[in-house]
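Engineer: Quick one, protein-v1.cif (mmCIF, C-alpha atoms):
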```cif
data_start
#
loop_
_atom_site.label_atom_id
_atom_site.label_comp_id
_atom_site.auth_asym_id
_atom_site.auth_seq_id
_atom_site.Cartn_x
_atom_site.Cartn_y
_atom_site.Cartn_z
CA MET U 19 244.69 61.88 -34.80
CA THR U 20 248.15 63.06 -35.80
CA THR U 21 249.98 64.45 -32.79
CA ALA U 22 252.52 67.20 -33.40
CA THR U 23 256.04 66.79 -32.07
CA ILE U 24 256.90 69.19 -29.28
CA SER U 25 260.23 70.30 -30.75
CA ASP U 26 258.72 71.12 -34.13
CA ALA U 27 255.81 72.96 -32.53
CA LEU U 28 258.13 74.91 -30.23
CA ALA U 29 260.25 76.00 -33.17
CA ARG U 30 257.14 77.01 -35.09
CA LEU U 31 255.70 79.04 -32.22
CA ASN U 32 259.03 80.75 -31.61
CA ARG U 33 259.09 81.80 -35.25
CA LEU U 34 255.59 83.27 -34.99
CA LEU U 35 255.89 84.72 -31.47
CA PRO U 36 259.55 84.88 -30.38
CA LEU U 37 258.90 86.14 -26.87
CA LYS U 38 262.22 85.09 -25.34
CA GLU U 39 264.24 86.43 -28.26
CA ARG U 40 262.44 89.76 -28.00
CA GLN U 41 262.86 89.84 -24.23
CA ASN U 42 266.58 89.23 -24.61
CA ARG U 43 266.90 92.33 -26.80
CA LEU U 44 265.55 94.59 -24.05
CA ASP U 45 267.81 96.52 -21.72
CA PRO U 46 267.94 95.11 -18.16
CA SER U 47 265.42 97.59 -16.75
CA LEU U 48 262.79 96.71 -19.36
CA ARG U 49 263.44 92.99 -18.91
CA ALA U 50 262.87 93.46 -15.18
CA LEU U 51 259.64 95.36 -15.86
CA HIS U 52 258.37 92.64 -18.16
CA THR U 53 259.10 90.02 -15.51
CA GLU U 54 257.35 92.11 -12.86
CA ILE U 55 254.26 92.40 -15.05
CA LEU U 56 254.15 88.61 -15.39
CA ARG U 57 254.58 88.10 -11.65
CA SER U 58 251.90 90.68 -10.87
CA PHE U 59 249.37 88.72 -12.91
CA ALA U 60 250.35 85.46 -11.21
CA GLU U 61 250.45 86.83 -7.66
CA ARG U 62 247.68 89.46 -7.70
CA GLY U 63 245.58 88.47 -10.69
CA CYS U 64 246.12 91.81 -12.41
CA PRO U 65 248.87 93.84 -14.07
CA PRO U 66 250.73 96.55 -12.15
CA SER U 67 249.20 100.01 -12.13
CA ARG U 68 250.83 102.98 -13.83
CA GLY U 69 252.00 104.12 -10.42
CA GLN U 70 253.66 100.78 -9.75
CA ILE U 71 255.30 100.85 -13.16
CA ALA U 72 256.47 104.41 -12.54
CA ALA U 73 258.32 103.18 -9.46
CA GLN U 74 260.59 101.29 -11.86
CA THR U 75 260.66 103.59 -14.87
CA GLY U 76 260.12 107.02 -13.38
CA LYS U 77 256.93 108.99 -14.06
CA ASP U 78 258.12 110.22 -17.45
CA GLY U 79 259.24 106.77 -18.54
CA VAL U 80 255.98 104.82 -18.16
CA ASP U 81 254.58 105.40 -21.65
CA ILE U 82 257.94 104.92 -23.32
CA ALA U 83 258.40 101.57 -21.57
CA LEU U 84 254.86 100.38 -22.30
CA ARG U 85 255.11 101.32 -25.97
CA ARG U 86 258.39 99.43 -26.31
CA LEU U 87 257.05 96.26 -24.70
CA ALA U 88 253.83 96.45 -26.70
CA GLY U 89 255.75 97.10 -29.91
CA ASP U 90 257.49 93.77 -29.41
CA ASP U 91 254.13 92.10 -28.60
CA LEU U 92 255.43 91.19 -25.16
CA ILE U 93 252.42 92.92 -23.62
CA VAL U 94 248.99 94.11 -24.77
CA LEU U 95 247.74 97.60 -24.00
CA SER U 96 244.31 99.18 -23.56
CA PRO U 97 242.90 101.11 -26.54
CA ASP U 98 244.24 104.38 -25.13
CA ARG U 99 247.69 102.74 -24.77
CA ARG U 100 247.97 103.72 -21.09
CA LEU U 101 247.27 100.45 -19.26
CA VAL U 102 248.57 96.91 -19.50
CA THR U 103 245.75 94.50 -20.34
CA GLY U 104 247.78 91.39 -21.11
CA ALA U 105 251.19 89.75 -21.00
CA TYR U 106 251.45 86.25 -22.42
CA PRO U 107 250.17 83.96 -20.90
CA PHE U 108 247.78 86.33 -19.03
CA THR U 109 245.00 88.74 -19.98
CA VAL U 110 242.44 90.88 -18.19
CA GLU U 111 239.91 89.96 -20.91
CA GLU U 112 237.25 87.48 -19.85
CA ARG U 113 238.27 84.58 -22.05
CA ALA U 114 237.17 80.96 -21.81
CA HIS U 115 240.37 79.92 -20.02
CA ARG U 116 240.56 80.68 -16.28
CA VAL U 117 243.49 79.82 -14.04
CA THR U 118 243.17 79.81 -10.25
CA ILE U 119 246.40 80.20 -8.27
CA GLY U 120 245.73 80.04 -4.56
CA GLY U 121 242.93 82.54 -4.03
CA VAL U 122 243.61 84.43 -7.26
CA THR U 123 241.83 83.74 -10.55
CA VAL U 124 243.13 85.18 -13.79
CA HIS U 125 242.29 84.62 -17.44
CA ALA U 126 244.75 83.10 -19.89
CA MET U 127 245.12 84.11 -23.51
CA CYS U 128 244.58 80.57 -24.79
CA ALA U 129 244.42 76.92 -23.75
CA LEU U 130 248.18 76.42 -24.07
CA ASP U 131 248.78 79.52 -21.96
CA ALA U 132 246.42 78.25 -19.27
CA LEU U 133 248.41 75.02 -18.95
CA SER U 134 251.69 76.93 -18.83
CA VAL U 135 251.10 78.95 -15.65
CA ALA U 136 251.73 76.11 -13.18
CA PRO U 137 255.11 75.06 -14.63
CA MET U 138 256.12 78.65 -15.35
CA PHE U 139 255.75 79.74 -11.71
CA GLU U 140 256.11 76.30 -10.05
CA VAL U 141 252.72 76.62 -8.38
CA ARG U 142 249.50 74.66 -7.99
CA THR U 143 246.74 75.74 -10.36
CA ARG U 144 243.22 74.84 -11.40
CA VAL U 145 242.43 75.42 -15.05
CA ASN U 146 238.77 75.82 -16.01
CA SER U 147 237.79 76.07 -19.64
CA VAL U 148 235.51 74.47 -22.23
CA CYS U 149 235.79 72.28 -25.30
CA HIS U 150 235.76 74.69 -28.23
CA VAL U 151 233.60 72.27 -30.24
CA SER U 152 231.05 70.87 -27.79
CA GLY U 153 231.14 73.44 -25.00
CA ALA U 154 231.75 70.66 -22.46
CA PRO U 155 233.50 71.87 -19.28
CA VAL U 156 237.21 71.19 -18.93
CA GLU U 157 238.91 71.22 -15.51
CA ILE U 158 242.58 70.41 -14.94
CA LEU U 159 244.51 70.43 -11.67
CA MET U 160 248.27 70.88 -11.84
CA GLN U 161 251.29 71.22 -9.56
CA GLY U 162 254.17 72.63 -11.54
CA GLU U 163 254.56 70.34 -14.55
CA GLN U 164 252.67 67.52 -12.82
CA LEU U 165 249.12 66.78 -13.94
CA LEU U 166 247.05 65.90 -10.87
CA SER U 167 243.66 65.33 -12.49
CA ALA U 168 241.66 66.18 -15.59
CA ARG U 169 237.98 66.24 -16.44
CA PRO U 170 237.20 64.92 -19.00
CA GLU U 171 239.92 62.32 -18.58
CA ARG U 172 241.88 62.98 -21.79
CA PRO U 173 241.30 66.46 -23.20
CA CYS U 174 243.52 67.65 -26.03
CA ILE U 175 244.69 71.01 -27.28
CA GLY U 176 244.22 71.98 -30.91
CA ILE U 177 246.19 74.74 -32.61
CA ARG U 178 245.36 76.23 -35.98
CA TRP U 179 248.59 77.92 -36.97
CA GLN U 180 248.49 81.42 -38.42
CA ASP U 181 250.49 84.62 -38.58
CA THR U 182 250.11 86.86 -35.53
CA SER U 183 249.56 90.07 -37.54
CA GLY U 184 251.47 91.97 -34.87
CA CYS U 185 249.31 90.86 -31.94
CA ALA U 186 249.06 87.16 -31.19
CA ALA U 187 246.46 87.82 -28.49
CA GLN U 188 243.88 88.70 -31.15
CA SER U 189 244.94 86.17 -33.78
CA LEU U 190 246.93 83.01 -33.06
CA CYS U 191 245.79 82.77 -29.43
CA MET U 192 242.17 82.58 -30.56
CA GLU U 193 243.00 79.32 -32.34
CA MET U 194 244.69 77.52 -29.40
CA VAL U 195 241.77 75.78 -27.72
CA PHE U 196 240.70 72.70 -25.79
CA ARG U 197 239.10 69.66 -27.42
CA ALA U 198 237.20 67.34 -25.09
CA ASP U 199 238.83 64.13 -26.38
CA ALA U 200 240.86 62.58 -29.17
CA ALA U 201 237.83 61.84 -31.36
CA THR U 202 236.71 65.48 -31.25
CA ALA U 203 240.25 66.65 -31.95
CA ASP U 204 240.60 64.24 -34.87
CA ALA U 205 237.38 65.38 -36.53
CA TRP U 206 238.51 69.00 -36.20
CA GLN U 207 242.03 68.31 -37.49
CA GLN U 208 240.78 66.49 -40.58
CA LYS U 209 239.24 69.73 -41.84
CA ASP U 210 242.57 71.57 -42.02
CA ARG U 211 245.36 69.05 -41.55
CA GLY U 212 248.01 71.28 -43.10
CA ASN U 213 247.57 74.02 -40.52
CA ALA U 214 246.11 72.16 -37.54
CA SER U 215 248.11 70.47 -34.78
CA VAL U 216 246.85 68.40 -31.87
CA PHE U 217 248.58 67.77 -28.53
CA ASP U 218 247.51 65.38 -25.82
CA LEU U 219 247.55 66.86 -22.33
CA PRO U 220 251.06 65.79 -21.20
CA ALA U 221 252.57 66.99 -24.48
CA ALA U 222 250.74 70.31 -24.24
CA VAL U 223 252.05 70.88 -20.71
CA GLU U 224 255.62 70.17 -21.81
CA PHE U 225 255.21 72.40 -24.85
CA GLY U 226 253.88 75.29 -22.79
CA ALA U 227 256.52 74.89 -20.10
CA ARG U 228 259.36 74.93 -22.63
CA PHE U 229 257.96 78.03 -24.30
CA PHE U 230 257.19 80.12 -21.22
CA GLN U 231 259.67 79.11 -18.50
CA PRO U 232 262.61 80.92 -20.18
CA LEU U 233 260.82 84.24 -19.72
CA LEU U 234 261.48 84.03 -15.98
CA ALA U 235 265.03 82.72 -16.26
#
```
Is it possible to express this structure as structure tokens?
Structural biologist:
Amino acid sequence: MTTATISDALARLNRLLPLKERQNRLDPSLRALHTEILRSFAERGCPPSRGQIAAQTGKDGVDIALRRLAGDDLIVLSPDRRLVTGAYPFTVEERAHRVTIGGVTVHAMCALDALSVAPMFEVRTRVNSVCHVSGAPVEILMQGEQLLSARPERPCIGIRWQDTSGCAAQSLCMEMVFRADAATADAWQQKDRGNASVFDLPAAVEFGARFFQPLLA
């Protein structure tokens, strides 16, 4: 198994999905709204309602704000473009990756995103997912950046790199998944070594933390 370096992977992901760069280009009110959307997912397990967003933007500013954030792929909207359905690392879609924070459970866009919630918000989380190859359950307990336990003992994360096509949630995120162990990850990586990267669990946590923590800075 060839393990990707965190710095190279971080640079590659930031080229494909430059969330922090895009956030920095927003005016202060939109940056604050983006941060509030992230915190709403983490604290309540859901995005803010249109009414809650209107409290920040004004009633006439809701759609303008949502379209701007979605245009930068900072959030994902419902088909009618009226409701927030995702904000990396979170989604309302029922995906394989579930993150429990206190009494709140929320879905993550991908395996890397699931591991990033605890360090991003400095909280205790339980991640429940599955090996994308075998379907074996994966459960990981975290406190901030600290790994408390993992089952199986040494799961990995595999990433098949690809262009986001304007919405990483429906493209790149679908190819960031758990592998039950190094042998499973190696067999998968051999099929597409040029585009496939593998991270052991500690490396994946560091990678996710370095990518997502700046969004709350």
Engineer: Would you mind reading off the distance between CA of Glu163 in chain U and CA of Ser134 in chain U, one decimal, in Å?
Structural biologist: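 CA of Ser134 in chain U lies 8.4 Å from CA of Glu163 in chain U.
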Engineer: If we count all atoms listed in the file and set the cut-off at 12 Å, which residues sit around Gly69 in chain U, ignoring sequence neighbours fewer than 6 positions away in its own chain? Please answer as a ChimeraX atom specification.
Structural biologist: /U:75-81,100-101
Engineer: Between CA of Leu28 in chain U and CA of Ala129 in chain U, what is the spacing in Å?
Structural biologist: 15.3 Å
Engineer: Quick one: everything within 7 Å of range 37-49 of chain U, counting only C-alpha atoms, minus sequence neighbours fewer than 2 positions away in the same chain. Send it as an mmCIF file with C-alpha atoms, in the coordinates of the input.
Structural biologist:
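Here's the written file selection_15.cif:
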```cif
data_model
loop_
_atom_site.group_PDB
_atom_site.id
_atom_site.type_symbol
_atom_site.label_atom_id
_atom_site.label_comp_id
_atom_site.auth_asym_id
_atom_site.auth_seq_id
_atom_site.Cartn_x
_atom_site.Cartn_y
_atom_site.Cartn_z
ATOM 1 C CA LEU U 35 255.890 84.720 -31.470
ATOM 2 C CA LEU U 51 259.640 95.360 -15.860
ATOM 3 C CA HIS U 52 258.370 92.640 -18.160
ATOM 4 C CA THR U 53 259.100 90.020 -15.510
ATOM 5 C CA ALA U 83 258.400 101.570 -21.570
ATOM 6 C CA ASP U 90 257.490 93.770 -29.410
ATOM 7 C CA LEU U 92 255.430 91.190 -25.160
ATOM 8 C CA PRO U 232 262.610 80.920 -20.180
ATOM 9 C CA LEU U 233 260.820 84.240 -19.720
#
```
Engineer: Just how far from CA of Tyr106 in chain U is CA of Asp26 in chain U, in Å to one decimal?
Structural biologist: 20.5 Å
Engineer: Residues at most 8 Å from Leu159 in chain U, counting all atoms listed in the file, excluding those fewer than 3 positions away in the same chain, as a ChimeraX atom specification?
Structural biologist: /U:142-145,165-168
Engineer: When distances are computed from only C-alpha atoms, which of U:Thr202, U:Met127, U:Glu61, U:Gln180 shows the smallest separation from Leu34 in chain U?
Structural biologist: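 For Leu34 in chain U, the nearest of the given residues is U:Gln180.
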Engineer: Please evaluate the PyMOL selection byres ((chain U and resi 175) around 10) against the displayed coordinates and give the resulting residues as a ChimeraX atom specification.
Structural biologist: /U:128-130,133,149-150,173-174,176-177,193-200,203,215-219,221-223
Engineer: Contacts of Arg113 in chain U at 12 Å or less, counting only C-alpha atoms, minus same-chain residues fewer than 6 places along, as a ChimeraX atom specification?
Structural biologist: /U:104,107,124-129,131-132,146-148,150,187-188,191-192,195
Engineer: Go through U:Asn32, U:Arg68, U:Ala27, U:Phe230 and flag the residue nearest Ala214 in chain U, using only C-alpha atoms for the distances.
Structural biologist: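 That would be U:Ala27, the residue with the smallest distance to Ala214 in chain U.
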